[in-house]
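A.B. asks: Pasting a structure here, questions to come.
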4 protein chains.
Amino acid sequence: MILVTGFEPFGAHTVNPSEGLAKAMDGRRFGACETRGAVLPVHHADATTRLAALLTETDPVAVVHLGLAAGRARVALERVAVNVMDYDEPDCTGFQASGEPIAPGGPAAYFATLPLVAILKALTAEGIPAYISNTAGTYLCNQTLYTTLHAVRHEPDPPRVGFIHVPLLPAMVAATGLEQPSMDLPLMLRAVEIALGVVASGAVLGQGGTPARWNEKGHA
Amino acid sequence: MILVTGFEPFGAHTVNPSEGLAKAMDGRRFGACETRGAVLPVHHADATTRLAALLTETDPVAVVHLGLAAGRARVALERVAVNVMDYDEPDCTGFQASGEPIAPGGPAAYFATLPLVAILKALTAEGIPAYISNTAGTYLCNQTLYTTLHAVRHEPDPPRVGFIHVPLLPAMVAATGLEQPSMDLPLMLRAVEIALGVVASGAVLGQGGTPARWNEKGHA
Amino acid sequence: MILVTGFEPFGAHTVNPSEGLAKAMDGRRFGACETRGAVLPVHHADATTRLAALLTETDPVAVVHLGLAAGRARVALERVAVNVMDYDEPDCTGFQASGEPIAPGGPAAYFATLPLVAILKALTAEGIPAYISNTAGTYLCNQTLYTTLHAVRHEPDPPRVGFIHVPLLPAMVAATGLEQPSMDLPLMLRAVEIALGVVASGAVLGQGGTPARWNEKGHA
Amino acid sequence: MILVTGFEPFGAHTVNPSEGLAKAMDGRRFGACETRGAVLPVHHADATTRLAALLTETDPVAVVHLGLAAGRARVALERVAVNVMDYDEPDCTGFQASGEPIAPGGPAAYFATLPLVAILKALTAEGIPAYISNTAGTYLCNQTLYTTLHAVRHEPDPPRVGFIHVPLLPAMVAATGLEQPSMDLPLMLRAVEIALGVVASGAVLGQGGTPARWNEKGHA
C-alpha cells in the first residue's frame, strides 16, 4: 500500500489541488502497490492525529504527502523536513506557531526517503517542470513530512516517505488577478502518477531502500 | 474570416506554442466566422511580406496574432504596439534591430482594436489566468501587431486587430531546469478558442467596432 | 532650466522616494542648466494643472519626471507614454480610471525624447542597474509623461521630456516583510544626477534634439 | 572574539560582496567582542580546512558566516544547514558534488544558533530588508554553516554560529543587464554591523545561549 495524502483548503484558498489529487489516487494501483488517498485537515494537532491513524491503518510501504505551494512554478520534490513550526498564517483553528519545535527533543531535520532524483528524471523526461526543493517551508506541509518521518524512525523496515508540492491551479491565479505561476490539474495528475510509478517500481530499491520488505510487501 | 497567426520557433526554443495554436485554428469556425491559421517566420522582413499577403488573401474581419512570451505566467492581451524594433536577440537571419522604427514616419503607437476587456472577462470567468499587457516588447511580436494595424489604418472598415502572448509550455520549462512559469497546451487552446468566440460574437460590436461590416461579413 | 518632478506618497506607501529626489534636485546645476525640483500630487486632475503651471513658469529645456515603481529592481528609463488611464488603484481623491484616454483624440502614444541610450550607458558604466522600459504603466506616471509630451507637441523648440521610475526604498520593503527588490536612496540620487548630467551635456544633441535652442538656452 | 567569514568570488562573479564585508569587519569591536574577519576559498575541501584552523586560532564566542545569494532581494538569516552537497555549479577546482553528505553519518541538519529573531527585528527596525531563510542552498554556503556547527557540536560551551546571505551588488546587476534585485554595499555593511551588535549584546543570552561563557569571555 502507498499512502497518498493531500490537504483541505486553507487561508484565502477555496480549493486545494492536493485534495483532489489525493482523492484521485484513492484505490489506484501502481505496479504491485495499491494506493490509498486521504485528506488531512490544516490543523496543527488534528493533522498529526489523523496521520498517525492512517499510518497504523494502512501500514504503507511508501507515503507521498501532497500540498500546495503558492508562488512556485514547478512540481517541488521536497528534500528535507525541519523540526520547526513558524507559520506565515494561522491554521484553520486560528493557531499560529512562531518558531516552536514540531517534536521537542527531536532531531533538527529528516531527509525525505523517496527516490527524488529518479522521480525528477522521470518527470523531466515527460516534460513536466519539476525540481528538488530544499525547503518545504515551516507550515503544515513541512510539519506533516517531519511528523511522518519522525513516527517511522524506529521501525525496522520503515516506509519511504516524501512530500511533493504543487503550484496554484490556473483558476486560482485567474481569481487573484496577480502575476503568479500555475499548473493545470491534468499535468499535476500526470506528475503524481509518474512519481507513484517510480516509487512503486523496483528502480527505487537501489537508493537506500529496504529490498526485503519491498520484495515481500511492495513487489511480491 | 478571422486570421490567426503564430510564429515559428526562434532563438534557443525548439518549439513555439503559438505555431501549434495557429495551425489548430486553421479551418475552425466561431459563430459566423471561419478562421484561417498561418505561421509567420521570425524574420524582420519576411514576416511583413507574408503578413501583407495573408491580409490580401483573407480580407479578414479580425486578426489575432499569437506569440510566445517566455517568463510570463498568464495569457497576455496586448493593449498597444509601438513603432520601434529593439531586439533582445537576433531574428532567424541574424539581424538584430536596435531602436529603429518599424514604419519610418508612422505614429508612435497603435492601440489593439480587439475587445480586450470582454476577452479578459471571458477568460477569467473560465478560470484561465490572463491580463491586459501594456507592452508587447520590441521584437517580432510587437512589430507584427504594429505592422498589421499600420497596414489597415486607411481602410474604411478595418478588421479588429490584436496580439495574444502565451507563456512557455511545461516541457520547455522542464528542459531548461529553471524556475519559470508555464501553461499547458490544452489550456492555451481553450484560451484562444474563448478569445475567438468573443471576437466572433456580437458582443464586441459595442466597443468601437464597425457594425455594418460585422453584420455583413462577420455575422450575416 | 531642467524641470525635475516627483510624486507625493500614494496608496499604502507612506513615503515616495521620487518626492525626495525631486526636492534634492531643486536649485542644483548640471552643466549650463539649473534644475527646478517640484512635487506633483497623485491626483488625476491636479497633477495636470500643476504640471501646466510648472511648464509655463520654468520654460524648461528638459523635463525629467520621476516616479516609484514597486516591484521593479532597476532604474527604469521609460521609452513611451500611452494615451490611456487604467488605474490599478485609486488616486488620492479616490478616483479610479478604467481605460479612458488621457487626451481624447490625442495620438495613441508619444516616445520620450530624452537620450535614453546615452543615459543607460552612463548609468551602467557607473554600476547602477538600469534599463529602457517599454511601459510606464497606466497610472499617474504614464499620464504625466503623456501629458507633458502632449503639451509641448506644437512648440517649435520643445523640451526633451522623459520619465524615470525608481524601485522601492529598502525601508519600504523592510516594512512589508515581502520579498521585493529595493534600491537605496544614495544610489537613486547618483542615478538621477548621472541622468541629468547626460541630459545637460552636449552629448544629447545628436539624438533628435534641437541644437539651436540647446545652444541658446541650455548650453550658452 | 567573533569570527566573521566571507567567500572569494566564484563562477561568473568577479567580485563577492561577502569578501569585502568580512575584511571590513576585521579588527572591529562590538560591545566587549573583537571581530576577526577572514575570507574562505570556494573550494569544497580547502574551505573546511581553513575553517578548522580559524576556529582553533580564534576560539570564538560566535561565528557569523557571510555569503552571496544571487537572486535574493533581502538579507537572509539562515535558519538551518543540511547535510548535503548538491552543487548547482562547480567550485573553484571544478568539483561538482551531486547529493553526497557533508559529514557521512552526521545528522541531517543543524539549526543555526545565532539569535535570528532578535537580529531580524533589529534589521527591520533600521529599515533593512531581511528575513529568516529556510534554506542556505546546497553549495559552499550551506556546507560551511553545517561544517562549523558539526565541528563545535561536542564543545561544552560552543560558540553561536550562523550564516547571513547578502544579495548581489548593484554593479553586479548592472553588468548582467538582467532584472535582478541588488543591495548596495553601505546597506550591507550596516546590516552586518547591526547583526554583530545583536550577537555581541547581552540580549542574545536568553535564546538558548550559554550565559557563563558569554559572561566570561564575551561580555566580561
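Residue numbering restarts at 1 for every chain of the C-alpha cells, chains are lettered A, B, ... in their displayed order, and ligands are numbered from 1 as they appear.
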Considering only C-alpha atoms, tabulate each residue of stretch 113-220 of chain C that lies at most 12 Å from stretch 106-120 of chain B along with its nearest interatomic pair and the corresponding distance in Å to one decimal; arrange the rows by chain and ascending residue number and present them as CSV.
C.D. replies:
```
residue,atom,partner,partner_atom,distance
C:Thr113,CA,B:Ala108,CA,11.9
C:Asn134,CA,B:Ala109,CA,11.8
C:Tyr146,CA,B:Ala108,CA,12.0
```
A.B. asks: Specify as JSON, numbers by chain all residues of chain A found within 12 Å of chain C, counting only C-alpha atoms.
C.D. replies: {"A": [71, 88, 177, 178, 179]}
A.B. asks: So that I can check the surroundings of stretch 158-164 of chain C, please list as a list of chain:residue names every protein, DNA and RNA residue that reaches within 7 Å of it, counting only C-alpha atoms and ignoring chain neighbours fewer than 2 positions away.
C.D. replies: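 Skipping anything fewer than 2 positions along the chain leaves C:Pro60, C:Val61, C:Ala62, C:Val63, C:Val64, C:His65, C:Leu66, C:Gly67, C:Val75, C:Ala76, C:Leu77, C:Glu78, C:Ala112, C:Thr113, C:Leu114, C:Leu145, C:Leu149, C:Val152, C:Glu155, C:Pro156, C:Val166.
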A.B. asks: Those residues you just picked out, can you put them in a file as a compact mmCIF listing (two decimals), in the first residue's frame with N, CA and C atoms?
C.D. replies:
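Result file follows (part23.txt):
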```txt
# COMPACT_ATOMS: atom_id res chain seq x y z
N PRO C 60 11.22 75.01 -19.58
CA PRO C 60 12.42 74.16 -19.47
C PRO C 60 12.99 73.73 -20.80
N VAL C 61 14.29 73.44 -20.81
CA VAL C 61 14.89 72.79 -21.98
C VAL C 61 14.74 71.28 -21.88
N ALA C 62 14.49 70.81 -20.68
CA ALA C 62 14.27 69.37 -20.49
C ALA C 62 13.38 69.17 -19.28
N VAL C 63 12.60 68.10 -19.34
CA VAL C 63 11.73 67.73 -18.22
C VAL C 63 12.02 66.27 -17.88
N VAL C 64 12.39 66.04 -16.64
CA VAL C 64 12.64 64.67 -16.18
C VAL C 64 11.66 64.38 -15.05
N HIS C 65 10.65 63.58 -15.38
CA HIS C 65 9.69 63.16 -14.36
C HIS C 65 10.24 61.94 -13.64
N LEU C 66 10.03 61.89 -12.33
CA LEU C 66 10.46 60.75 -11.52
C LEU C 66 9.24 60.14 -10.84
N GLY C 67 9.25 58.83 -10.70
CA GLY C 67 8.14 58.16 -10.01
C GLY C 67 8.58 56.82 -9.44
N VAL C 75 16.54 50.95 -12.10
CA VAL C 75 16.11 52.26 -12.58
C VAL C 75 15.55 52.06 -13.98
N ALA C 76 14.33 52.53 -14.21
CA ALA C 76 13.65 52.29 -15.48
C ALA C 76 13.52 53.58 -16.27
N LEU C 77 14.15 53.61 -17.44
CA LEU C 77 14.06 54.76 -18.34
C LEU C 77 12.91 54.50 -19.28
N GLU C 78 11.84 55.24 -19.14
CA GLU C 78 10.63 54.93 -19.89
C GLU C 78 10.74 55.40 -21.34
N ALA C 112 9.27 59.14 -25.40
CA ALA C 112 10.07 60.06 -24.60
C ALA C 112 11.18 60.61 -25.48
N THR C 113 11.59 61.82 -25.22
CA THR C 113 12.60 62.45 -26.08
C THR C 113 13.93 62.68 -25.38
N LEU C 114 14.06 62.13 -24.17
CA LEU C 114 15.38 62.15 -23.53
C LEU C 114 16.31 61.17 -24.26
N LEU C 145 3.80 61.68 -18.07
CA LEU C 145 4.70 61.70 -19.22
C LEU C 145 3.93 62.04 -20.49
N LEU C 149 4.35 65.50 -22.85
CA LEU C 149 4.69 65.37 -24.26
C LEU C 149 3.58 65.93 -25.15
N VAL C 152 3.65 69.89 -25.11
CA VAL C 152 4.73 70.58 -25.84
C VAL C 152 4.76 70.21 -27.32
N GLU C 155 5.15 73.05 -29.83
CA GLU C 155 6.20 74.05 -29.65
C GLU C 155 7.24 73.92 -30.75
N PRO C 156 7.72 75.04 -31.24
CA PRO C 156 8.73 74.96 -32.31
C PRO C 156 10.02 74.34 -31.79
N VAL C 166 11.90 54.67 -10.26
CA VAL C 166 12.86 54.10 -9.31
C VAL C 166 12.16 53.00 -8.49
```
A.B. asks: I'd like the contact shell of C:Ala171 - 7 Å cut-off, only C-alpha atoms, skipping same-chain residues fewer than 6 positions apart - returned as a PDB file with N, CA and C atoms, in the first residue's frame.
C.D. replies:
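Wrote it out as out_36.pdb, contents follow:
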```
ATOM      1  N   GLY D 127      15.219  49.557   9.027  1.00  0.00           N
ATOM      2  CA  GLY D 127      14.805  49.742   7.633  1.00  0.00           C
ATOM      3  C   GLY D 127      15.583  48.908   6.639  1.00  0.00           C
ATOM      4  N   ILE D 128      16.201  47.845   7.111  1.00  0.00           N
ATOM      5  CA  ILE D 128      16.969  46.990   6.199  1.00  0.00           C
ATOM      6  C   ILE D 128      16.160  45.741   5.885  1.00  0.00           C
ATOM      7  N   PRO D 129      15.878  45.498   4.597  1.00  0.00           N
ATOM      8  CA  PRO D 129      15.081  44.325   4.227  1.00  0.00           C
ATOM      9  C   PRO D 129      15.801  43.032   4.614  1.00  0.00           C
TER      10      PRO D 129
END
```
A.B. asks: Would you mind listing what lies within 8 Å of D:Ser18 as a list of chain:residue names, with only C-alpha atoms counted and same-chain residues fewer than 2 positions away left out?
C.D. replies: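 Contacts, with the query itself left out: D:Thr5, D:Gly6, D:Phe7, D:Glu8, D:Asn16, D:Gly20, D:Leu21, D:Ala22, D:Leu66, D:Gly67, D:Leu68, D:Val166.
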A.B. asks: Residues of stretch 2-217 of chain A in strand (DSSP E) according to DSSP, as a VMD selection string?
C.D. replies: chain A and resid 2 to 7 29 to 30 33 to 40 62 to 68 75 to 78 80 to 82 85 to 86 98 to 100 109 to 111 130 to 133 160 to 166
A.B. asks: Could you take the residues named above and write them with C-alpha atoms, as a PDB file, in the first residue's frame?
C.D. replies:
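File produced: again-v3.pdb:
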```pdb
ATOM      1  CA  ILE A   2       1.148   3.524  -0.817  1.00  0.00           C
ATOM      2  CA  LEU A   3      -0.446   6.227   1.278  1.00  0.00           C
ATOM      3  CA  VAL A   4      -1.066   9.491  -0.586  1.00  0.00           C
ATOM      4  CA  THR A   5      -2.288  12.496   1.353  1.00  0.00           C
ATOM      5  CA  GLY A   6      -3.497  15.954   0.394  1.00  0.00           C
ATOM      6  CA  PHE A   7      -4.756  18.900   2.403  1.00  0.00           C
ATOM      7  CA  ARG A  29      -2.671   0.679  -8.400  1.00  0.00           C
ATOM      8  CA  PHE A  30       0.939   1.319  -9.409  1.00  0.00           C
ATOM      9  CA  CYS A  33       1.098  -1.332  -4.956  1.00  0.00           C
ATOM     10  CA  GLU A  34      -2.403  -0.200  -4.239  1.00  0.00           C
ATOM     11  CA  THR A  35      -2.796   3.409  -3.242  1.00  0.00           C
ATOM     12  CA  ARG A  36      -4.865   4.906  -0.502  1.00  0.00           C
ATOM     13  CA  GLY A  37      -5.738   8.570  -0.836  1.00  0.00           C
ATOM     14  CA  ALA A  38      -6.643  10.644   2.208  1.00  0.00           C
ATOM     15  CA  VAL A  39      -7.154  14.308   3.003  1.00  0.00           C
ATOM     16  CA  LEU A  40      -5.611  15.956   6.075  1.00  0.00           C
ATOM     17  CA  ALA A  62       5.588   4.422   0.956  1.00  0.00           C
ATOM     18  CA  VAL A  63       3.982   7.688   1.962  1.00  0.00           C
ATOM     19  CA  VAL A  64       3.637  10.528  -0.528  1.00  0.00           C
ATOM     20  CA  HIS A  65       2.313  13.715   1.007  1.00  0.00           C
ATOM     21  CA  LEU A  66       0.978  16.346  -1.366  1.00  0.00           C
ATOM     22  CA  GLY A  67       0.498  20.035  -0.670  1.00  0.00           C
ATOM     23  CA  LEU A  68       0.033  23.433  -2.272  1.00  0.00           C
ATOM     24  CA  VAL A  75       6.403  20.478  -9.003  1.00  0.00           C
ATOM     25  CA  ALA A  76       8.657  20.532  -5.940  1.00  0.00           C
ATOM     26  CA  LEU A  77      10.134  17.314  -4.581  1.00  0.00           C
ATOM     27  CA  GLU A  78      10.991  18.167  -1.012  1.00  0.00           C
ATOM     28  CA  VAL A  80      14.123  17.724   3.866  1.00  0.00           C
ATOM     29  CA  ALA A  81      11.751  18.421   6.756  1.00  0.00           C
ATOM     30  CA  VAL A  82      12.942  20.600   9.624  1.00  0.00           C
ATOM     31  CA  MET A  85       6.701  25.352  13.113  1.00  0.00           C
ATOM     32  CA  ASP A  86       6.827  29.000  12.081  1.00  0.00           C
ATOM     33  CA  SER A  98       6.105  31.036  15.831  1.00  0.00           C
ATOM     34  CA  GLY A  99       9.297  29.075  15.968  1.00  0.00           C
ATOM     35  CA  GLU A 100       8.459  26.157  18.243  1.00  0.00           C
ATOM     36  CA  ALA A 109      15.671  17.532  10.391  1.00  0.00           C
ATOM     37  CA  TYR A 110      14.970  14.361   8.462  1.00  0.00           C
ATOM     38  CA  PHE A 111      15.694  13.778   4.823  1.00  0.00           C
ATOM     39  CA  ALA A 130       9.964  19.796 -11.506  1.00  0.00           C
ATOM     40  CA  TYR A 131      12.889  20.277  -9.161  1.00  0.00           C
ATOM     41  CA  ILE A 132      14.288  19.101  -5.869  1.00  0.00           C
ATOM     42  CA  SER A 133      13.367  21.733  -3.306  1.00  0.00           C
ATOM     43  CA  ARG A 160       9.701   5.547   2.024  1.00  0.00           C
ATOM     44  CA  VAL A 161       8.372   8.999   2.874  1.00  0.00           C
ATOM     45  CA  GLY A 162       8.287  12.233   0.938  1.00  0.00           C
ATOM     46  CA  PHE A 163       6.421  15.412   0.142  1.00  0.00           C
ATOM     47  CA  ILE A 164       5.520  16.875  -3.226  1.00  0.00           C
ATOM     48  CA  HIS A 165       4.407  20.481  -3.542  1.00  0.00           C
ATOM     49  CA  VAL A 166       2.266  21.546  -6.487  1.00  0.00           C
TER      50      VAL A 166
END
```
A.B. asks: Write out as a list in words all residues of stretch 58-142 of chain A that backbone DSSP assigns to alpha helix (DSSP H).
C.D. replies: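 Listing alpha helix (DSSP H) positions across stretch 58-142 of chain A yields Thr58, Leu116, Val117, Ala118, Ile119, Leu120, Lys121, Ala122, Leu123, Thr124, Ala125, Leu140, Cys141 and Asn142 of chain A.
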A.B. asks: Just write the chosen residues, all heavy atoms, as a tab-separated table (two decimals), in the first residue's frame.
C.D. replies:
```tsv
chain	number	residue	atom	x	y	z
A	58	THR	N	-2.92	1.76	7.37
A	58	THR	CA	-2.50	1.30	6.03
A	58	THR	C	-1.17	0.56	6.04
A	58	THR	O	-0.85	-0.12	5.07
A	58	THR	CB	-2.36	2.51	5.08
A	58	THR	OG1	-1.41	3.43	5.63
A	58	THR	CG2	-3.69	3.22	4.91
A	116	LEU	N	14.18	10.77	-4.90
A	116	LEU	CA	13.89	12.07	-5.51
A	116	LEU	C	14.54	12.24	-6.87
A	116	LEU	O	13.93	12.79	-7.80
A	116	LEU	CB	14.33	13.21	-4.58
A	116	LEU	CG	13.71	13.20	-3.18
A	116	LEU	CD1	14.13	14.46	-2.44
A	116	LEU	CD2	12.20	13.10	-3.26
A	117	VAL	N	15.78	11.81	-6.99
A	117	VAL	CA	16.49	12.00	-8.26
A	117	VAL	C	15.81	11.20	-9.37
A	117	VAL	O	15.62	11.69	-10.49
A	117	VAL	CB	17.97	11.62	-8.12
A	117	VAL	CG1	18.67	11.60	-9.47
A	117	VAL	CG2	18.67	12.58	-7.16
A	118	ALA	N	15.41	9.98	-9.04
A	118	ALA	CA	14.73	9.15	-10.05
A	118	ALA	C	13.38	9.75	-10.43
A	118	ALA	O	12.99	9.74	-11.61
A	118	ALA	CB	14.55	7.73	-9.52
A	119	ILE	N	12.67	10.29	-9.45
A	119	ILE	CA	11.38	10.92	-9.75
A	119	ILE	C	11.59	12.16	-10.63
A	119	ILE	O	10.89	12.38	-11.62
A	119	ILE	CB	10.63	11.29	-8.45
A	119	ILE	CG1	10.26	10.01	-7.68
A	119	ILE	CG2	9.38	12.10	-8.76
A	119	ILE	CD1	9.70	10.28	-6.28
A	120	LEU	N	12.59	12.96	-10.27
A	120	LEU	CA	12.88	14.17	-11.04
A	120	LEU	C	13.21	13.82	-12.49
A	120	LEU	O	12.72	14.46	-13.43
A	120	LEU	CB	14.04	14.93	-10.40
A	120	LEU	CG	14.50	16.19	-11.15
A	120	LEU	CD1	13.38	17.19	-11.29
A	120	LEU	CD2	15.69	16.83	-10.44
A	121	LYS	N	14.03	12.79	-12.67
A	121	LYS	CA	14.38	12.39	-14.03
A	121	LYS	C	13.14	11.95	-14.81
A	121	LYS	O	12.99	12.27	-15.99
A	121	LYS	CB	15.41	11.26	-13.99
A	121	LYS	CG	16.81	11.77	-13.71
A	121	LYS	CD	17.83	10.63	-13.75
A	121	LYS	CE	19.22	11.16	-13.38
A	121	LYS	NZ	20.16	10.05	-13.04
A	122	ALA	N	12.30	11.19	-14.16
A	122	ALA	CA	11.10	10.69	-14.85
A	122	ALA	C	10.15	11.83	-15.21
A	122	ALA	O	9.60	11.87	-16.31
A	122	ALA	CB	10.39	9.67	-13.96
A	123	LEU	N	9.98	12.79	-14.31
A	123	LEU	CA	9.12	13.94	-14.60
A	123	LEU	C	9.69	14.77	-15.74
A	123	LEU	O	8.97	15.17	-16.67
A	123	LEU	CB	8.94	14.80	-13.34
A	123	LEU	CG	8.14	14.17	-12.20
A	123	LEU	CD1	8.24	15.03	-10.93
A	123	LEU	CD2	6.67	14.01	-12.59
A	124	THR	N	10.99	15.03	-15.65
A	124	THR	CA	11.62	15.86	-16.69
A	124	THR	C	11.53	15.17	-18.05
A	124	THR	O	11.26	15.82	-19.07
A	124	THR	CB	13.09	16.13	-16.30
A	124	THR	OG1	13.11	16.76	-15.02
A	124	THR	CG2	13.77	17.04	-17.32
A	125	ALA	N	11.74	13.87	-18.07
A	125	ALA	CA	11.65	13.13	-19.32
A	125	ALA	C	10.24	13.23	-19.92
A	125	ALA	O	10.07	13.17	-21.14
A	125	ALA	CB	12.02	11.67	-19.09
A	140	LEU	N	2.20	23.65	7.71
A	140	LEU	CA	1.70	22.29	7.88
A	140	LEU	C	2.38	21.28	6.97
A	140	LEU	O	2.48	20.10	7.31
A	140	LEU	CB	0.18	22.26	7.63
A	140	LEU	CG	-0.74	22.45	8.84
A	140	LEU	CD1	-0.67	21.26	9.78
A	140	LEU	CD2	-0.47	23.73	9.59
A	141	CYS	N	2.82	21.72	5.81
A	141	CYS	CA	3.42	20.79	4.86
A	141	CYS	C	4.70	20.20	5.44
A	141	CYS	O	4.88	18.98	5.50
A	141	CYS	CB	3.71	21.50	3.54
A	141	CYS	SG	2.21	22.04	2.68
A	142	ASN	N	5.59	21.09	5.84
A	142	ASN	CA	6.83	20.65	6.46
A	142	ASN	C	6.53	19.82	7.71
A	142	ASN	O	7.15	18.78	7.97
A	142	ASN	CB	7.66	21.89	6.83
A	142	ASN	CG	8.85	21.56	7.70
A	142	ASN	OD1	9.83	20.99	7.23
A	142	ASN	ND2	8.77	21.90	8.99
```
A.B. asks: What's the separation between atom CA of C:Pro41 and atom CA of C:Gln96, in Å to one decimal place?
C.D. replies: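 Between atom CA of C:Pro41 and atom CA of C:Gln96 the gap is 14.9 Å.
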A.B. asks: May I ask for the distance between atom CA of C:Val173 and atom CA of A:Phe10, given in Å to one decimal place?
C.D. replies: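 Calculated distance between atom CA of C:Val173 and atom CA of A:Phe10 is 26.4 Å.
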A.B. asks: So, counting only C-alpha atoms, which residue among C:Leu51, C:Ala136, C:Ala151, C:Ala73 is closest to D:Met183?
C.D. replies: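 Counting only C-alpha atoms, the residue closest to D:Met183 is C:Ala73.
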A.B. asks: So that I can see what lies close to C:Ala12, please list as a PDB file with N, CA and C atoms, in the first residue's frame the residues with an atom at most 12 Å from it, counting only C-alpha atoms and leaving out residues fewer than 5 positions away in the same chain.
C.D. replies:
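Final file, out.pdb:
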```
ATOM      1  N   ALA C  70       6.964  50.089  -7.651  1.00  0.00           N
ATOM      2  CA  ALA C  70       7.127  48.958  -6.730  1.00  0.00           C
ATOM      3  C   ALA C  70       7.255  47.671  -7.520  1.00  0.00           C
ATOM      4  N   GLU C  89      -5.133  51.164  -8.804  1.00  0.00           N
ATOM      5  CA  GLU C  89      -5.661  51.590  -7.514  1.00  0.00           C
ATOM      6  C   GLU C  89      -6.119  53.035  -7.659  1.00  0.00           C
ATOM      7  N   PRO C  90      -6.992  53.499  -6.783  1.00  0.00           N
ATOM      8  CA  PRO C  90      -7.482  54.878  -6.900  1.00  0.00           C
ATOM      9  C   PRO C  90      -6.359  55.886  -6.693  1.00  0.00           C
ATOM     10  N   ASP C  91      -6.531  57.082  -7.220  1.00  0.00           N
ATOM     11  CA  ASP C  91      -5.607  58.157  -6.895  1.00  0.00           C
ATOM     12  C   ASP C  91      -5.985  58.706  -5.519  1.00  0.00           C
ATOM     13  N   CYS C  92      -5.364  59.812  -5.113  1.00  0.00           N
ATOM     14  CA  CYS C  92      -5.557  60.277  -3.741  1.00  0.00           C
ATOM     15  C   CYS C  92      -6.957  60.863  -3.501  1.00  0.00           C
ATOM     16  N   MET C 172      11.046  50.644   2.814  1.00  0.00           N
ATOM     17  CA  MET C 172       9.683  50.313   2.399  1.00  0.00           C
ATOM     18  C   MET C 172       9.518  48.790   2.302  1.00  0.00           C
ATOM     19  N   ALA C 175       9.480  47.182   5.747  1.00  0.00           N
ATOM     20  CA  ALA C 175       8.195  47.359   6.426  1.00  0.00           C
ATOM     21  C   ALA C 175       7.137  46.370   5.942  1.00  0.00           C
ATOM     22  N   THR C 176       7.255  45.922   4.703  1.00  0.00           N
ATOM     23  CA  THR C 176       6.238  44.997   4.182  1.00  0.00           C
ATOM     24  C   THR C 176       6.503  43.561   4.599  1.00  0.00           C
TER      25      THR C 176
END
```
A.B. asks: Rank C:Thr148, C:Ser201, C:Thr138, C:Gln180 by their smallest atom-to-atom distance to C:Ala97, using only C-alpha atoms, and report the top residue only.
C.D. replies: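 Using only C-alpha atoms, C:Ala97 sits closest to C:Thr138.
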A.B. asks: So what do you get for atom CA of A:Arg72 versus atom CA of A:Pro181, distance-wise?
C.D. replies: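 Value for the atom CA of A:Arg72-atom CA of A:Pro181 distance: 6.5 Å.
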